[in-house]
>>> print(open('upload02.txt').read())   # compact mmCIF, C-alpha atoms
# COMPACT_ATOMS: atom_id res chain seq x y z
CA ASN A 26 0.00 0.00 0.00
CA ALA A 27 1.82 3.07 -1.23
CA GLY A 28 2.10 6.00 1.10
CA VAL A 29 1.52 9.66 0.32
CA MET A 30 3.48 10.64 -2.74
CA GLN A 31 4.78 14.09 -3.54
CA ASN A 32 6.62 15.35 -6.56
CA PRO A 33 8.92 16.81 -7.36
CA ARG A 34 11.05 16.20 -4.26
CA HIS A 35 13.17 19.22 -5.07
CA LEU A 36 12.18 22.24 -7.13
CA VAL A 37 14.30 25.24 -8.05
CA ARG A 38 12.65 28.36 -9.41
CA ARG A 39 13.80 31.88 -10.18
CA ARG A 40 11.95 34.83 -8.72
CA GLY A 41 8.78 35.53 -10.68
CA GLN A 42 8.32 31.98 -11.97
CA GLU A 43 5.50 29.62 -11.05
CA ALA A 44 5.86 26.55 -8.84
CA ARG A 45 3.50 23.56 -9.00
CA LEU A 46 3.66 20.97 -6.26
CA ARG A 47 1.78 17.69 -6.56
CA CYS A 48 0.42 15.35 -3.93
CA SER A 49 -1.17 11.93 -4.36
CA PRO A 50 -2.86 10.83 -1.12
CA MET A 51 -2.85 7.31 0.21
CA LYS A 52 -5.31 4.95 -1.44
CA GLY A 53 -8.74 5.41 0.05
CA HIS A 54 -7.97 8.81 1.54
CA SER A 55 -10.11 11.69 0.33
CA HIS A 56 -8.84 14.40 2.70
CA VAL A 57 -5.65 16.32 1.89
CA TYR A 58 -3.81 18.88 4.00
CA TRP A 59 -0.89 21.08 2.94
CA TYR A 60 1.69 22.37 5.42
CA ARG A 61 4.75 24.57 5.02
CA GLN A 62 7.96 24.25 7.01
CA LEU A 63 10.24 27.25 6.89
CA PRO A 64 13.89 26.85 7.90
CA GLU A 65 14.25 26.57 11.68
CA GLU A 66 10.48 26.61 12.18
CA GLY A 67 7.74 24.08 12.79
CA LEU A 68 5.10 23.06 10.29
CA LYS A 69 2.34 25.56 9.59
CA PHE A 70 -1.05 24.59 8.23
CA MET A 71 -1.93 26.07 4.85
CA VAL A 72 -5.04 24.47 3.39
CA TYR A 73 -7.40 21.51 3.75
CA LEU A 74 -9.17 20.03 0.76
CA GLN A 75 -11.56 17.25 -0.04
CA LYS A 76 -12.25 16.10 -3.57
CA GLU A 77 -13.21 19.17 -5.63
CA ASN A 78 -13.68 21.31 -2.50
CA ILE A 79 -11.56 23.65 -0.41
CA ILE A 80 -12.70 23.19 3.18
CA ASP A 81 -10.31 25.40 5.14
CA GLU A 82 -7.80 27.79 3.58
CA SER A 83 -7.20 29.87 6.68
CA GLY A 84 -3.43 29.31 6.49
CA MET A 85 -2.99 30.25 2.87
CA PRO A 86 -1.33 33.57 1.99
CA LYS A 87 -3.93 35.84 0.42
CA GLU A 88 -2.06 36.31 -2.83
CA ARG A 89 -0.14 34.11 -5.26
CA PHE A 90 -1.04 30.81 -3.56
CA SER A 91 -3.82 28.47 -4.65
CA ALA A 92 -4.69 24.82 -4.19
CA GLU A 93 -6.96 22.30 -5.81
CA PHE A 94 -7.90 18.64 -5.46
CA PRO A 95 -9.73 17.60 -8.62
CA LYS A 96 -12.03 14.63 -8.94
CA GLU A 97 -9.31 12.80 -10.84
CA GLY A 98 -5.60 13.21 -10.25
CA PRO A 99 -3.39 14.61 -7.54
CA SER A 100 -3.83 17.65 -5.36
CA ILE A 101 -1.89 20.65 -6.64
CA LEU A 102 -0.42 23.53 -4.64
CA ARG A 103 0.37 26.39 -6.99
CA ILE A 104 2.56 29.37 -6.19
CA GLN A 105 2.62 32.15 -8.73
CA GLN A 106 5.42 34.72 -9.09
CA VAL A 107 7.56 33.09 -6.45
CA VAL A 108 9.73 35.19 -4.15
CA ARG A 109 12.74 34.17 -2.06
CA GLY A 110 10.58 34.02 1.06
CA ASP A 111 8.63 31.13 -0.49
CA SER A 112 11.70 28.89 -0.14
CA ALA A 113 10.61 26.15 2.24
CA ALA A 114 9.64 22.50 2.50
CA TYR A 115 6.01 21.88 1.56
CA PHE A 116 4.37 18.79 2.97
CA CYS A 117 1.14 17.13 2.04
CA ALA A 118 -0.75 14.86 4.41
CA SER A 119 -3.80 12.70 3.85
CA SER A 120 -6.37 11.06 6.07
CA PRO A 121 -9.41 8.88 5.50
CA THR A 122 -11.68 11.22 7.46
CA ALA A 123 -11.63 14.59 9.15
CA ALA A 124 -12.74 13.18 12.44
CA THR A 125 -11.51 14.79 15.64
CA TYR A 126 -8.95 12.08 16.25
CA ASN A 127 -7.93 11.70 12.63
CA GLU A 128 -4.43 10.57 11.95
CA GLN A 129 -2.65 12.25 9.12
CA PHE A 130 0.01 10.54 7.05
CA PHE A 131 2.66 12.77 5.56
CA GLY A 132 4.46 12.63 2.28
CA PRO A 133 8.23 13.16 1.93
CA GLY A 134 7.78 16.82 1.02
CA THR A 135 8.84 19.12 -1.81
CA ARG A 136 11.75 21.38 -1.08
CA LEU A 137 11.33 24.60 -2.99
CA THR A 138 14.32 26.85 -3.52
CA VAL A 139 13.77 30.28 -5.05
CA LEU A 140 16.88 31.86 -6.53
CA THR U 8 -5.03 31.47 18.53
CA GLN U 9 -4.04 28.03 19.70
CA LEU U 10 -0.34 27.54 20.26
CA LEU U 11 1.85 24.63 21.31
CA GLU U 12 5.14 25.36 23.02
CA GLN U 13 7.77 22.64 22.92
CA SER U 14 10.81 22.44 25.16
CA PRO U 15 13.64 22.07 24.97
CA GLN U 16 14.27 23.10 21.37
CA PHE U 17 17.62 21.34 21.23
CA LEU U 18 18.93 18.40 23.23
CA SER U 19 22.27 16.68 22.92
CA ILE U 20 22.87 13.70 25.17
CA GLN U 21 25.01 10.59 25.47
CA GLU U 22 23.78 7.13 24.57
CA GLY U 23 22.05 5.49 27.53
CA GLU U 24 20.73 8.68 29.11
CA ASN U 25 17.05 9.41 29.69
CA LEU U 26 15.26 12.50 28.46
CA THR U 27 11.88 14.20 28.49
CA VAL U 28 10.38 16.54 25.92
CA TYR U 29 7.47 18.78 26.88
CA CYS U 30 4.60 20.15 24.86
CA ASN U 31 2.45 22.82 26.55
CA SER U 32 -0.50 24.98 25.69
CA SER U 33 -3.01 27.26 27.37
CA SER U 34 -5.70 25.70 25.18
CA VAL U 35 -7.46 22.37 25.46
CA PHE U 36 -6.89 19.93 22.62
CA SER U 37 -9.17 17.02 21.76
CA SER U 38 -6.09 14.96 20.96
CA LEU U 39 -2.35 15.33 20.65
CA GLN U 40 -0.05 13.54 18.28
CA TRP U 41 3.70 13.02 18.38
CA TYR U 42 5.72 12.79 15.19
CA ARG U 43 9.34 12.13 14.41
CA GLN U 44 10.97 13.68 11.37
CA GLU U 45 14.26 12.66 9.77
CA PRO U 46 16.26 15.16 7.69
CA GLY U 47 14.85 15.41 4.18
CA GLU U 48 11.74 13.40 5.01
CA GLY U 49 8.18 14.02 6.16
CA PRO U 50 6.96 13.58 9.75
CA VAL U 51 6.11 10.03 10.78
CA LEU U 52 3.33 9.53 13.32
CA LEU U 53 4.49 7.89 16.56
CA VAL U 54 1.37 8.03 18.72
CA THR U 55 -1.98 9.75 19.30
CA VAL U 56 -3.19 10.48 22.83
CA VAL U 57 -6.84 11.26 23.31
CA THR U 58 -7.92 10.89 26.94
CA GLY U 59 -6.76 13.20 29.74
CA GLY U 60 -4.16 11.38 31.85
CA GLU U 61 -3.57 8.78 29.17
CA VAL U 62 -0.17 7.07 29.03
CA LYS U 63 1.02 5.18 25.99
CA LYS U 64 4.25 3.24 25.58
CA LEU U 65 6.12 2.48 22.40
CA LYS U 66 9.18 0.39 23.32
CA ARG U 67 11.49 2.86 25.13
CA LEU U 68 9.20 5.83 24.45
CA THR U 69 6.49 6.84 26.93
CA PHE U 70 3.88 9.43 26.00
CA GLN U 71 1.59 11.13 28.47
CA PHE U 72 -1.39 13.43 27.96
CA GLY U 73 -2.09 15.88 30.77
CA ASP U 74 -5.25 15.52 32.82
CA ALA U 75 -6.59 18.81 31.47
CA ARG U 76 -5.58 17.90 27.90
CA LYS U 77 -3.45 21.03 27.61
CA ASP U 78 -0.03 19.42 27.72
CA SER U 79 1.85 16.29 26.84
CA SER U 80 5.28 14.78 27.38
CA LEU U 81 7.52 12.32 25.63
CA HIS U 82 10.01 10.39 27.75
CA ILE U 83 12.77 8.29 26.19
CA THR U 84 14.56 5.74 28.35
CA ALA U 85 18.14 4.74 27.59
CA ALA U 86 18.39 6.80 24.43
CA GLN U 87 20.21 5.34 21.45
CA PRO U 88 21.84 7.03 18.44
CA GLY U 89 18.95 5.77 16.32
CA ASP U 90 16.63 8.04 18.32
CA THR U 91 18.32 11.10 16.83
CA GLY U 92 15.84 13.28 14.97
CA LEU U 93 13.28 16.05 15.19
CA TYR U 94 10.34 15.35 17.49
CA LEU U 95 7.14 17.28 16.91
CA CYS U 96 3.96 17.48 18.92
CA ALA U 97 0.74 18.47 17.16
CA GLY U 98 -2.83 19.04 18.23
CA ILE U 99 -6.07 19.13 16.33
CA GLY U 100 -7.20 22.76 16.05
CA SER U 101 -10.45 24.01 17.50
CA SER U 102 -11.86 24.63 14.03
CA ASN U 103 -12.62 20.92 13.93
CA THR U 104 -11.54 20.63 10.32
CA GLY U 105 -8.76 18.32 11.40
CA LYS U 106 -5.92 20.73 10.71
CA LEU U 107 -2.91 20.16 12.93
CA ILE U 108 -1.23 22.82 15.02
CA PHE U 109 2.43 21.96 15.48
CA GLY U 110 4.93 22.84 18.15
CA GLN U 111 8.31 24.21 17.06
CA GLY U 112 9.93 20.82 17.47
CA THR U 113 12.74 19.37 19.58
CA THR U 114 15.94 18.41 17.82
CA LEU U 115 17.47 15.46 19.61
CA GLN U 116 21.02 14.30 19.10
CA VAL U 117 22.16 11.10 20.80
CA LYS U 118 25.91 10.61 20.75
CA PRO U 119 27.39 7.12 20.82
>>> encode(input="upload02.txt", output="structure tokens")
Amino acid sequence: NAGVMQNPRHLVRRRGQEARLRCSPMKGHSHVYWYRQLPEEGLKFMVYLQKENIIDESGMPKERFSAEFPKEGPSILRIQQVVRGDSAAYFCASSPTAATYNEQFFGPGTRLTVL
Amino acid sequence: TQLLEQSPQFLSIQEGENLTVYCNSSSVFSSLQWYRQEPGEGPVLLVTVVTGGEVKKLKRLTFQFGDARKDSSLHITAAQPGDTGLYLCAGIGSSNTGKLIFGQGTTLQVKP
């Protein structure tokens, strides 16, 4: 049973370019969470999605960032016009439900470097 | 805003020593989870504690949830170099959407 998959594992972009990060949840999981880990900091929640719906985007920056989880295919976190401050590790997690005691399983992350 | 404070942030000990990591908040959490993260990898879930006062053991690791469900601790007995890593506590936020609120993490180094 494959775990959460993320690609690419490493992504280098120049300032002003777009970054697309992909996440395939575990089989049977329909809930996806994105987190960002800045250097020397803990993980910060960004967005929570179910298939075709954004449930909670309270952690998403207001501009340049968007996320989707289409009916078919992986979840995508999109960052437009990247800036150096976007350099971080981005993690996706999935769970079978959003129950209070849900356990989230994390992918290996995408490390974004903005030059 | 719900926050989780972890301490210590860094810990360097010799193999065989015991240690405790603390995770504290002024807020009540319905559950707390402990993760371990290796460099270049994602967090791996170690345990979930749900009931106030609950104690769970995972080999040499003992996890405790405070009676008031505002704090938790991780105790490692006879630490080994393989225990080296980043330990993170996380609680389910009050929004009830399942999003996790993470502590800053404790970087543990166990020297042989």
>>> atom_distance(input="upload02.txt", atom1="CA of Ser55 in chain A", atom2="CA of Glu88 in chain A")
26.1 Å
>>> residues_around(input="upload02.txt", residues="Pro119 in chain U", least_positions_apart="2", cutoff="7 Å", atoms="only C-alpha atoms", output="JSON, numbers by chain")
{"U": [21, 22, 88, 117]}
>>> interface_residues(input="upload02.txt", of="chain U", to="chain A", cutoff="6 Å", atoms="only C-alpha atoms", output="PDB file with C-alpha atoms, keeping the file's coordinate frame")
ATOM      1  CA  GLU U  48      11.740  13.400   5.010  1.00  0.00           C
ATOM      2  CA  GLY U  49       8.180  14.020   6.160  1.00  0.00           C
ATOM      3  CA  GLY U 105      -8.760  18.320  11.400  1.00  0.00           C
ATOM      4  CA  PHE U 109       2.430  21.960  15.480  1.00  0.00           C
ATOM      5  CA  GLN U 111       8.310  24.210  17.060  1.00  0.00           C
TER       6      GLN U 111
END
>>> atom_distance(input="upload02.txt", atom1="CA of Leu39 in chain U", atom2="CA of Leu115 in chain U")
19.8 Å
>>> closest_residue(input="upload02.txt", among="U:Arg67, U:Arg76, U:Val54, U:Leu11", to="Asp90 in chain U", atoms="all atoms listed in the file")
U:Arg67
>>> residues_around(input="upload02.txt", residues="range 40-49 of chain A", least_positions_apart="4", cutoff="6 Å", atoms="only C-alpha atoms", output="list in words")
Val29, Met30, Gln31, Asn32, Pro99, Ser100, Ile101, Leu102, Arg103, Ile104, Gln105, Gln106, Val107 and Val108 of chain A
>>> atom_distance(input="upload02.txt", atom1="CA of Ile79 in chain A", atom2="CA of Phe94 in chain A")
8.0 Å
>>> closest_residue(input="upload02.txt", among="A:Lys52, A:Arg109, A:Arg89, A:His35", to="Leu137 in chain A", atoms="only C-alpha atoms")
A:His35
>>> decode(input="upload02.txt", residues="range 25-56 of chain U", atoms="C-alpha atoms", output="PDB file, in the first residue's frame")
ATOM      1  CA  ASN U  25      17.053   9.410  29.690  1.00  0.00           C
ATOM      2  CA  LEU U  26      15.258  12.504  28.461  1.00  0.00           C
ATOM      3  CA  THR U  27      11.878  14.198  28.493  1.00  0.00           C
ATOM      4  CA  VAL U  28      10.380  16.544  25.922  1.00  0.00           C
ATOM      5  CA  TYR U  29       7.467  18.777  26.879  1.00  0.00           C
ATOM      6  CA  CYS U  30       4.598  20.152  24.856  1.00  0.00           C
ATOM      7  CA  ASN U  31       2.455  22.818  26.549  1.00  0.00           C
ATOM      8  CA  SER U  32      -0.502  24.977  25.687  1.00  0.00           C
ATOM      9  CA  SER U  33      -3.012  27.259  27.369  1.00  0.00           C
ATOM     10  CA  SER U  34      -5.697  25.695  25.182  1.00  0.00           C
ATOM     11  CA  VAL U  35      -7.462  22.366  25.457  1.00  0.00           C
ATOM     12  CA  PHE U  36      -6.892  19.932  22.618  1.00  0.00           C
ATOM     13  CA  SER U  37      -9.168  17.024  21.762  1.00  0.00           C
ATOM     14  CA  SER U  38      -6.087  14.963  20.963  1.00  0.00           C
ATOM     15  CA  LEU U  39      -2.351  15.328  20.646  1.00  0.00           C
ATOM     16  CA  GLN U  40      -0.050  13.543  18.281  1.00  0.00           C
ATOM     17  CA  TRP U  41       3.701  13.020  18.377  1.00  0.00           C
ATOM     18  CA  TYR U  42       5.719  12.794  15.190  1.00  0.00           C
ATOM     19  CA  ARG U  43       9.344  12.125  14.409  1.00  0.00           C
ATOM     20  CA  GLN U  44      10.973  13.684  11.372  1.00  0.00           C
ATOM     21  CA  GLU U  45      14.258  12.658   9.774  1.00  0.00           C
ATOM     22  CA  PRO U  46      16.263  15.161   7.687  1.00  0.00           C
ATOM     23  CA  GLY U  47      14.852  15.407   4.185  1.00  0.00           C
ATOM     24  CA  GLU U  48      11.739  13.399   5.008  1.00  0.00           C
ATOM     25  CA  GLY U  49       8.184  14.016   6.164  1.00  0.00           C
ATOM     26  CA  PRO U  50       6.964  13.582   9.750  1.00  0.00           C
ATOM     27  CA  VAL U  51       6.108  10.033  10.776  1.00  0.00           C
ATOM     28  CA  LEU U  52       3.331   9.533  13.315  1.00  0.00           C
ATOM     29  CA  LEU U  53       4.485   7.889  16.559  1.00  0.00           C
ATOM     30  CA  VAL U  54       1.366   8.033  18.719  1.00  0.00           C
ATOM     31  CA  THR U  55      -1.975   9.748  19.297  1.00  0.00           C
ATOM     32  CA  VAL U  56      -3.186  10.484  22.828  1.00  0.00           C
TER      33      VAL U  56
END
